[in-house]
Amino acid sequence: MGSLDVLSLSNSWNHDKSALIYDASYKRRWWRVSQNVLYGLGHVYNDLCAAMWFSYMLLFFQAVLDMRAVVAGAMLLLGQVVDALATPVVGVLADKYGTKKAWHLTGCILVTATFPLLFIRCWGCWFNENTQYLYWWMPLYYAVLIIFFQIGWAVVQISHLAMIPSITDNLQVRAELTSIRYMASVMSSLTVYLITWVVLRATTYSTFISQTDDYKFRDVSLIISGLGVISFMAFHLFFKLRREDKSGKGAPVVQNGNGTFVHQDNEAAKLPAKSKIMYFLRMPLLYQTSLLYVFSRLYWALSLVYVPLFLEERLSVNPSAGSELVASVPLVLYISSFFFSLLLKSKINSFGNQVVYFIGSCLSLGSCLWIALAIDPEASIVQIYMVATLIGAGSSITLVSSLCVTADLIGPHSHQSAAIYSIVTFADKLVTGIAVVAIQNYKCDDVVDCPQYYRGVLTYACGGSAALGILSLSLTKLISIKTKPEV
């Protein structure tokens, strides 16, 4: 064999080697992307249920079941309280027993067994017209369903969040996973809205829904449950989670000057798991992080519930305001949320989670000020669409960044991630339920007495949530400066 032949073989071998390396690198990237997408599917069922719960539960109970408003509000509050109480219990047990995927599957089965029944007329209510019988049986029946549904929902939420630190130690990948998770949430909410709009074939729900429309809510709940079952089955069949380490190892966490969390090796790293939980519980930053999530979640929930009611209220004062807004404005809000969560997927680490949270809070507060100063019954449609865009942007940015801050706080402590996430998310369930019940309680019976009540809700309740989020962020920065380790 001549030298040219040897050189040719060498070049060919090097070319094949480079091709193999490129092919392996491409497959790794494709595998990571596909696994990240599959991870997003794991919370779709919960997101579908949450959108239906917040947007249509009160409507179904009051308009279809003819349940008293105070009882319907108590049902919503019961669900939020049960969710809040179940969250820390699930967090502790999921870290100690079994795997995150096993807990997730258990929660999905519990949700599947109860959620569709929440939007179907209760057993015994079809054939018994005794008012006294329905007075106690109907609330009891739905209260039991709500309790088991919310326990299942909490199990899915905490186990799914706790998988993020188990998937990777890379903060950028964690931010991508959080963004994908929120994008899936937005798409789920949009799907619920579109399905309900098609099935109900109405935009002004409060003047359309009656007791004869119970089968429509049944159909919507069954469609949503079918989509949810498909999503969590795909998640469990194809998503691969690395083996969990429950040894309790890992370095403790401190916050550095640019708003991210770093982990240092010292004696605390040698503590057993139970002592390490107490180490986290003694950290002021854990509770500051919890406040960031609570206020971002409260802003999102109140916007989701009261934007449609605000549009109906505006339409009742000014019938020529455009009834199509009741259908199109939530659509714009969801599209804006999806776009900004997609943008955050690649940009959040460039600015830092806390800076991004501040930007999102400012957008949220700006939308509330705009509603207060300019969005009266005579405001133009363009202004309303622009406000909806700001609401969607602010809610997506603050939610994603607050969860990224939590993931940074957990760091390599994936063996305790469920407990930490349960602490961070505990208060938002209670706060949201109490806020909605309080707002409904102060609503005037006659629209003449308070023609712009829901405009005030979006201004003060949502604006207050954004302002409190900024205040919590300021306290977090202040604490990080005081506790910054000396170099």
# chains A, B, ... in the order shown; residues from 1 in each chain; ligands from 1

call {"tool": "residues_around", "arguments": {"residues": "stretch 394-409 of chain A", "least_positions_apart": "2", "cutoff": "8 Å", "atoms": "only C-alpha atoms", "output": "tab-separated table (two decimals) with N, CA and C atoms, in the first residue's frame"}}
result
chain	number	residue	atom	x	y	z
A	164	ILE	N	-37.15	18.50	38.92
A	164	ILE	CA	-36.23	19.42	38.24
A	164	ILE	C	-34.81	19.30	38.79
A	165	PRO	N	-34.60	19.40	40.11
A	165	PRO	CA	-33.23	19.24	40.62
A	165	PRO	C	-32.68	17.83	40.41
A	171	LEU	N	-27.87	25.02	36.17
A	171	LEU	CA	-28.91	26.03	36.42
A	171	LEU	C	-29.59	26.48	35.14
A	174	ARG	N	-32.14	23.87	34.25
A	174	ARG	CA	-33.26	23.99	35.18
A	174	ARG	C	-34.19	25.13	34.77
A	175	ALA	N	-33.60	26.25	34.35
A	175	ALA	CA	-34.42	27.37	33.89
A	175	ALA	C	-35.21	26.98	32.63
A	178	THR	N	-38.12	24.83	33.68
A	178	THR	CA	-39.17	25.64	34.31
A	178	THR	C	-39.96	26.40	33.25
A	179	SER	N	-39.27	26.94	32.24
A	179	SER	CA	-39.95	27.66	31.17
A	179	SER	C	-40.84	26.73	30.36
A	182	TYR	N	-43.94	26.01	32.27
A	182	TYR	CA	-44.92	27.09	32.23
A	182	TYR	C	-45.56	27.21	30.85
A	253	VAL	N	-26.29	26.10	50.99
A	253	VAL	CA	-26.51	27.14	50.00
A	253	VAL	C	-26.35	28.52	50.62
A	260	THR	N	-27.90	34.88	42.36
A	260	THR	CA	-28.01	33.45	42.19
A	260	THR	C	-27.49	32.75	43.44
A	261	PHE	N	-27.80	31.46	43.56
A	261	PHE	CA	-27.42	30.72	44.75
A	261	PHE	C	-26.24	29.80	44.43
A	262	VAL	N	-25.28	29.78	45.33
A	262	VAL	CA	-24.13	28.91	45.17
A	262	VAL	C	-24.03	28.03	46.41
A	286	LEU	N	-35.34	31.23	52.31
A	286	LEU	CA	-36.37	30.27	51.92
A	286	LEU	C	-37.75	30.92	51.97
A	289	THR	N	-38.14	33.60	49.26
A	289	THR	CA	-38.44	32.94	47.99
A	289	THR	C	-39.89	32.51	47.93
A	292	LEU	N	-42.04	35.43	47.00
A	292	LEU	CA	-41.96	35.74	45.57
A	292	LEU	C	-42.93	34.87	44.78
A	293	TYR	N	-42.97	33.58	45.11
A	293	TYR	CA	-43.87	32.68	44.40
A	293	TYR	C	-45.33	32.97	44.74
A	296	SER	N	-46.56	36.12	42.90
A	296	SER	CA	-46.66	35.91	41.45
A	296	SER	C	-47.84	35.01	41.12
A	297	ARG	N	-48.04	33.99	41.93
A	297	ARG	CA	-49.16	33.07	41.72
A	297	ARG	C	-50.50	33.76	42.00
A	299	TYR	N	-51.19	36.95	41.63
A	299	TYR	CA	-51.47	37.84	40.48
A	299	TYR	C	-52.01	37.03	39.31
A	300	TRP	N	-51.40	35.88	39.04
A	300	TRP	CA	-51.84	35.03	37.93
A	300	TRP	C	-53.27	34.54	38.15
A	337	SER	N	-48.55	35.25	27.30
A	337	SER	CA	-47.87	34.42	28.31
A	337	SER	C	-46.99	33.38	27.65
A	338	PHE	N	-47.51	32.75	26.62
A	338	PHE	CA	-46.72	31.72	25.93
A	338	PHE	C	-45.48	32.32	25.26
A	340	PHE	N	-43.76	35.07	26.02
A	340	PHE	CA	-42.74	35.51	26.96
A	340	PHE	C	-42.11	34.35	27.71
A	341	SER	N	-42.87	33.28	27.97
A	341	SER	CA	-42.26	32.10	28.58
A	341	SER	C	-41.29	31.43	27.61
A	344	LEU	N	-38.19	33.55	27.71
A	344	LEU	CA	-37.43	33.33	28.94
A	344	LEU	C	-36.61	32.04	28.89
A	348	ILE	N	-33.29	33.91	30.35
A	348	ILE	CA	-33.41	34.22	31.78
A	348	ILE	C	-32.05	34.20	32.48
A	353	ASN	N	-32.25	35.61	37.69
A	353	ASN	CA	-33.65	35.35	38.02
A	353	ASN	C	-34.32	36.51	38.73
A	354	GLN	N	-33.61	37.14	39.66
A	354	GLN	CA	-34.22	38.21	40.44
A	354	GLN	C	-34.43	39.47	39.62
A	356	VAL	N	-35.03	39.46	36.41
A	356	VAL	CA	-36.17	39.12	35.55
A	356	VAL	C	-37.47	39.23	36.33
A	357	TYR	N	-37.47	38.77	37.59
A	357	TYR	CA	-38.68	38.88	38.42
A	357	TYR	C	-39.08	40.34	38.61
A	358	PHE	N	-38.11	41.19	38.83
A	358	PHE	CA	-38.39	42.62	39.00
A	358	PHE	C	-39.02	43.21	37.74
A	359	ILE	N	-38.48	42.84	36.57
A	359	ILE	CA	-39.04	43.32	35.31
A	359	ILE	C	-40.48	42.85	35.15
A	360	GLY	N	-40.73	41.56	35.45
A	360	GLY	CA	-42.09	41.03	35.34
A	360	GLY	C	-43.05	41.71	36.29
A	361	SER	N	-42.60	41.99	37.52
A	361	SER	CA	-43.46	42.67	38.49
A	361	SER	C	-43.79	44.09	38.04
A	362	CYS	N	-42.83	44.75	37.44
A	362	CYS	CA	-43.08	46.11	36.93
A	362	CYS	C	-44.10	46.09	35.80
A	363	LEU	N	-44.00	45.09	34.92
A	363	LEU	CA	-45.00	44.96	33.85
A	363	LEU	C	-46.38	44.68	34.44
A	364	SER	N	-46.44	43.82	35.45
A	364	SER	CA	-47.72	43.50	36.10
A	364	SER	C	-48.32	44.74	36.75
A	390	LEU	N	-49.75	42.94	28.52
A	390	LEU	CA	-48.93	43.20	29.69
A	390	LEU	C	-49.23	42.21	30.82
A	391	ILE	N	-50.51	41.91	31.02
A	391	ILE	CA	-50.89	40.96	32.08
A	391	ILE	C	-50.26	39.59	31.80
A	392	GLY	N	-50.37	39.13	30.55
A	392	GLY	CA	-49.78	37.84	30.18
A	392	GLY	C	-48.28	37.83	30.35
A	411	GLY	N	-30.41	23.73	44.64
A	411	GLY	CA	-29.07	23.35	44.21
A	411	GLY	C	-28.94	21.84	44.04
A	421	TYR	N	-39.96	22.49	47.80
A	421	TYR	CA	-41.02	23.01	46.93
A	421	TYR	C	-42.35	23.10	47.66
A	424	VAL	N	-42.33	26.25	49.69
A	424	VAL	CA	-42.44	27.45	48.85
A	424	VAL	C	-43.87	27.63	48.33

call {"tool": "atom_distance", "arguments": {"atom1": "atom CA of A:Val37", "atom2": "atom CA of A:Val155"}}
result
20.8 Å

call {"tool": "closest_residue", "arguments": {"among": "A:Thr212, A:Asn441, A:Thr99, A:Ser472", "to": "A:Met163", "atoms": "only C-alpha atoms"}}
result
A:Thr99

call {"tool": "residues_around", "arguments": {"residues": "stretch 216-226 of chain A", "least_positions_apart": "5", "cutoff": "7 Å", "atoms": "only C-alpha atoms", "output": "ChimeraX atom specification"}}
result
/A:48,112,116,119-120,195-196,199-200

call {"tool": "closest_residue", "arguments": {"among": "A:Val355, A:Ile158, A:Leu177, A:Val329", "to": "A:Asp83", "atoms": "only C-alpha atoms"}}
result
A:Ile158

call {"tool": "closest_residue", "arguments": {"among": "A:Asp213, A:Ser166, A:Pro284, A:Met183", "to": "A:Asp66", "atoms": "only C-alpha atoms"}}
result
A:Asp213

call {"tool": "closest_residue", "arguments": {"among": "A:Ile109, A:Val173, A:Leu161, A:Val457", "to": "A:Tyr306", "atoms": "only C-alpha atoms"}}
result
A:Val457

call {"tool": "select_by_dssp", "arguments": {"residues": "stretch 149-245 of chain A", "states": "helix (DSSP H, G or I)", "output": "JSON, numbers by chain"}}
result
{"A": [149, 150, 151, 152, 153, 154, 155, 156, 157, 158, 159, 160, 161, 162, 163, 164, 165, 166, 167, 171, 172, 173, 174, 175, 176, 177, 178, 179, 180, 181, 182, 183, 184, 185, 186, 187, 188, 189, 190, 191, 192, 193, 194, 195, 196, 197, 198, 199, 200, 205, 206, 207, 211, 212, 213, 214, 215, 216, 217, 218, 219, 220, 221, 222, 223, 224, 225, 226, 227, 228, 229, 230, 231, 232, 233, 234, 235, 236, 237, 238]}

call {"tool": "residues_around", "arguments": {"residues": "A:Lys101", "least_positions_apart": "3", "cutoff": "9 Å", "atoms": "only C-alpha atoms", "output": "number ranges by chain"}}
result
A: 98, 104-106, 159-160, 163, 236, 241

call {"tool": "atom_distance", "arguments": {"atom1": "atom CA of A:Tyr135", "atom2": "atom CA of A:Arg68"}}
result
9.7 Å

call {"tool": "closest_residue", "arguments": {"among": "A:Ile335, A:Leu76, A:Ala84, A:Leu38", "to": "A:Lys240", "atoms": "only C-alpha atoms"}}
result
A:Leu38

call {"tool": "residues_around", "arguments": {"residues": "A:Leu302", "least_positions_apart": "4", "cutoff": "12 Å", "atoms": "only C-alpha atoms", "output": "PyMOL selection string"}}
result
chain A and resi 54-55+295-298+306-310+368+391+395+428+431-440+454-455+457-466
